[in-house]
Amino acid sequence: MKEPTLGNPQNTIAVLQKYQFTFQKKFGQNFLIDTHVLDKIIRSAEISKEDMVLEIGPGIGTMTQYLACAAGKVIAVEIDRALIPILEDTLDGYDNVRIINGDILKIDLAKLVEEENGGRPIKVVANLPYYITTPIIMSLFEGHVPLRSITVMVQKEVADRMQAGPGSKDYGALSLAVQYYAKPYIAANVPQNCFMPRPRIGSAVIRLERYETPPVAVKDERLLFGIIRASFNQRRKTLANGLKNSPELDFTKEEIEAAIEKLGKGASVRGEALTLEEFAELSNWLCRG
C-alpha cells in the first residue's frame with residue numbers, strides 16, 4: 001500500500017494543474033490541504049482493517065488515500081464526472097478502493113452495503129458539500145443503512161446545531177433528529193485556510209456514533225418527526241400553536257392542549273424547551289394507533 005501523497009497545497013495544485021481542473025460551485029467543492037486535519041479525521045473515525053468505509057465526495061482523492069491505508073475497503077462516491085479520471089490516477093495502486101460516479105442521494109446504499117460488505121455495518125467518512133449536508137446525513141439514517149458511525153467535515157454552525165441541547169439558540173429539528181439516531185461529538189474545529197479554495201465560513205469535524213436502538217421508544221417515528229418539525233417551523237410561536245398550525249398534523253386543539261398538559265408544561269411553553277424524551281412522550285400521547 002502506497003503512502004498518501006496528497007494533503008499538502010503543492011501536491012494538490014500539481015494534480016489540479018495537470019488535469020486543468022475547474023472547481024464547480026454547484027457541487028460545493030473545497031478540498032482539504034492539511035495533513036494534521038486528515039490525520040485527525042482518520043483517528044476520530046476509529047477505522048481499522050476490519051472496516052468498510054463509504055466516502056462521500058472524495059474530490060481528487062486526498063482523504064481517500066488516508067482511508068485506504070487505514071481501512072479494509074473504501075467505496076468512494078463522487079458526483080462530478082470530471083473528477084473520475086483524476087481519482088483513477090491518484091488512487092492507482094490502492095487496490096482496496098472502488099470509485100463510483102453517482103449521486104449519493106440516488107444510490108441504494110443498503111443494497112450497496114449488502115453487496116460490498118455482506119450487510120455488515122459500515123463507517124461513513126466525508127468532507128461534505130455544505131449546501132447538502134443535512135439531506136445526506138438524514139438519508140443515511142432514515143434509509144436504515146447499516147451504520148456504525150458517520151465522521152464528517154461540516155459547516156461549524158451545523159455541527160453546533162447537531163449537538164445542541166434544549167434552550168440554546170442552536171437547538172432545533174436537526175439537533176433532535178441527529179440525537180434520535182446517534183450520539184454526536186465534535187472532534188475538531190477547522191479554520192478556512194485548511195481548504196482549497198477557502199470557504200467563507202469555519203468548519204468542524206463531527207462524529208455521529210449510531211445507536212443500536214434509539215434512546216427513546218416511540219409508537220410512530222413519522223409522527224414524532226412531524227411534531228418536531230411543527231414545533232420549530234415558527235420558533236416564536238408556542239408549542240401548542242405550532243402543532244395546531246401544521247399541515248402535517250390533524251389533531252384538535254383540545255387533543256394538543258391535553259397532551260401538553262400531561263407533560264406538565266404550561267400553555268406558553270415553546271418547542272425549544274422540550275427534550276427528546278419529552279417530544280417522544282408527547283408523540284406517544286397523541287398517537288392514535
# chains A, B, ... in the order shown; residues from 1 in each chain; ligands from 1
call {"tool": "residues_around", "arguments": {"residues": "range 9-19 of chain A", "least_positions_apart": "5", "cutoff": "12 Å", "atoms": "only C-alpha atoms", "output": "CSV table (one decimal) with C-alpha atoms, in the first residue's frame"}}
result
chain,number,residue,atom,x,y,z
A,4,PRO,CA,-0.6,9.1,0.9
A,30,ASN,CA,-13.5,22.7,-1.1
A,31,PHE,CA,-10.5,20.3,-1.0
A,32,LEU,CA,-8.6,19.6,2.2
A,33,ILE,CA,-4.9,20.7,2.2
A,34,ASP,CA,-3.9,20.0,5.8
A,35,THR,CA,-2.3,16.7,6.8
A,59,GLY,CA,-12.7,15.1,-4.7
A,60,ILE,CA,-9.2,14.4,-6.0
A,61,GLY,CA,-8.7,11.5,-3.6
A,62,THR,CA,-6.9,13.3,-0.8
A,63,MET,CA,-8.7,11.7,2.1
A,82,ALA,CA,-14.7,15.4,-14.3
A,83,LEU,CA,-13.0,14.1,-11.1
A,84,ILE,CA,-13.2,10.4,-12.1
A,85,PRO,CA,-10.0,10.3,-14.3
A,86,ILE,CA,-8.2,12.3,-11.6
A,87,LEU,CA,-9.3,9.7,-8.9
A,89,ASP,CA,-4.8,8.4,-11.3
A,90,THR,CA,-4.4,9.5,-7.6
A,193,ASN,CA,-7.1,28.1,5.5
A,194,CYS,CA,-7.2,24.2,5.6
A,195,PHE,CA,-9.1,24.1,2.3
A,196,MET,CA,-8.6,25.0,-1.3
A,197,PRO,CA,-10.4,27.1,-2.3
A,198,ARG,CA,-11.1,28.7,1.1
call {"tool": "select_by_dssp", "arguments": {"residues": "range 40-220 of chain A", "states": "strand (DSSP E or B)", "output": "PyMOL selection string"}}
result
chain A and resi 52-56+73-78+97-101+122-127+147-155+182-190+195-196+203-210
call {"tool": "closest_residue", "arguments": {"among": "A:Leu147, A:Ile228, A:Val37, A:Cys287", "to": "Ala187 in chain A", "atoms": "only C-alpha atoms"}}
result
A:Val37
call {"tool": "residues_around", "arguments": {"residues": "Thr151 in chain A", "least_positions_apart": "3", "cutoff": "6 Å", "atoms": "only C-alpha atoms", "output": "list in words"}}
result
Ala45, Val125, Ile206 and Arg207 of chain A
call {"tool": "write_last_selection", "arguments": {"atoms": "C-alpha atoms", "output": "short mmCIF file (atom, residue, chain, number, x, y, z; two decimals), in the first residue's frame"}}
result
data_model
loop_
_atom_site.label_atom_id
_atom_site.label_comp_id
_atom_site.auth_asym_id
_atom_site.auth_seq_id
_atom_site.Cartn_x
_atom_site.Cartn_y
_atom_site.Cartn_z
CA ALA A 45 -13.45 7.75 12.78
CA VAL A 125 -16.33 9.43 6.38
CA ILE A 206 -18.26 15.81 13.91
CA ARG A 207 -18.57 12.12 14.72
#
call {"tool": "atom_distance", "arguments": {"atom1": "CA of Ala76 in chain A", "atom2": "CA of Glu55 in chain A"}}
result
4.7 Å
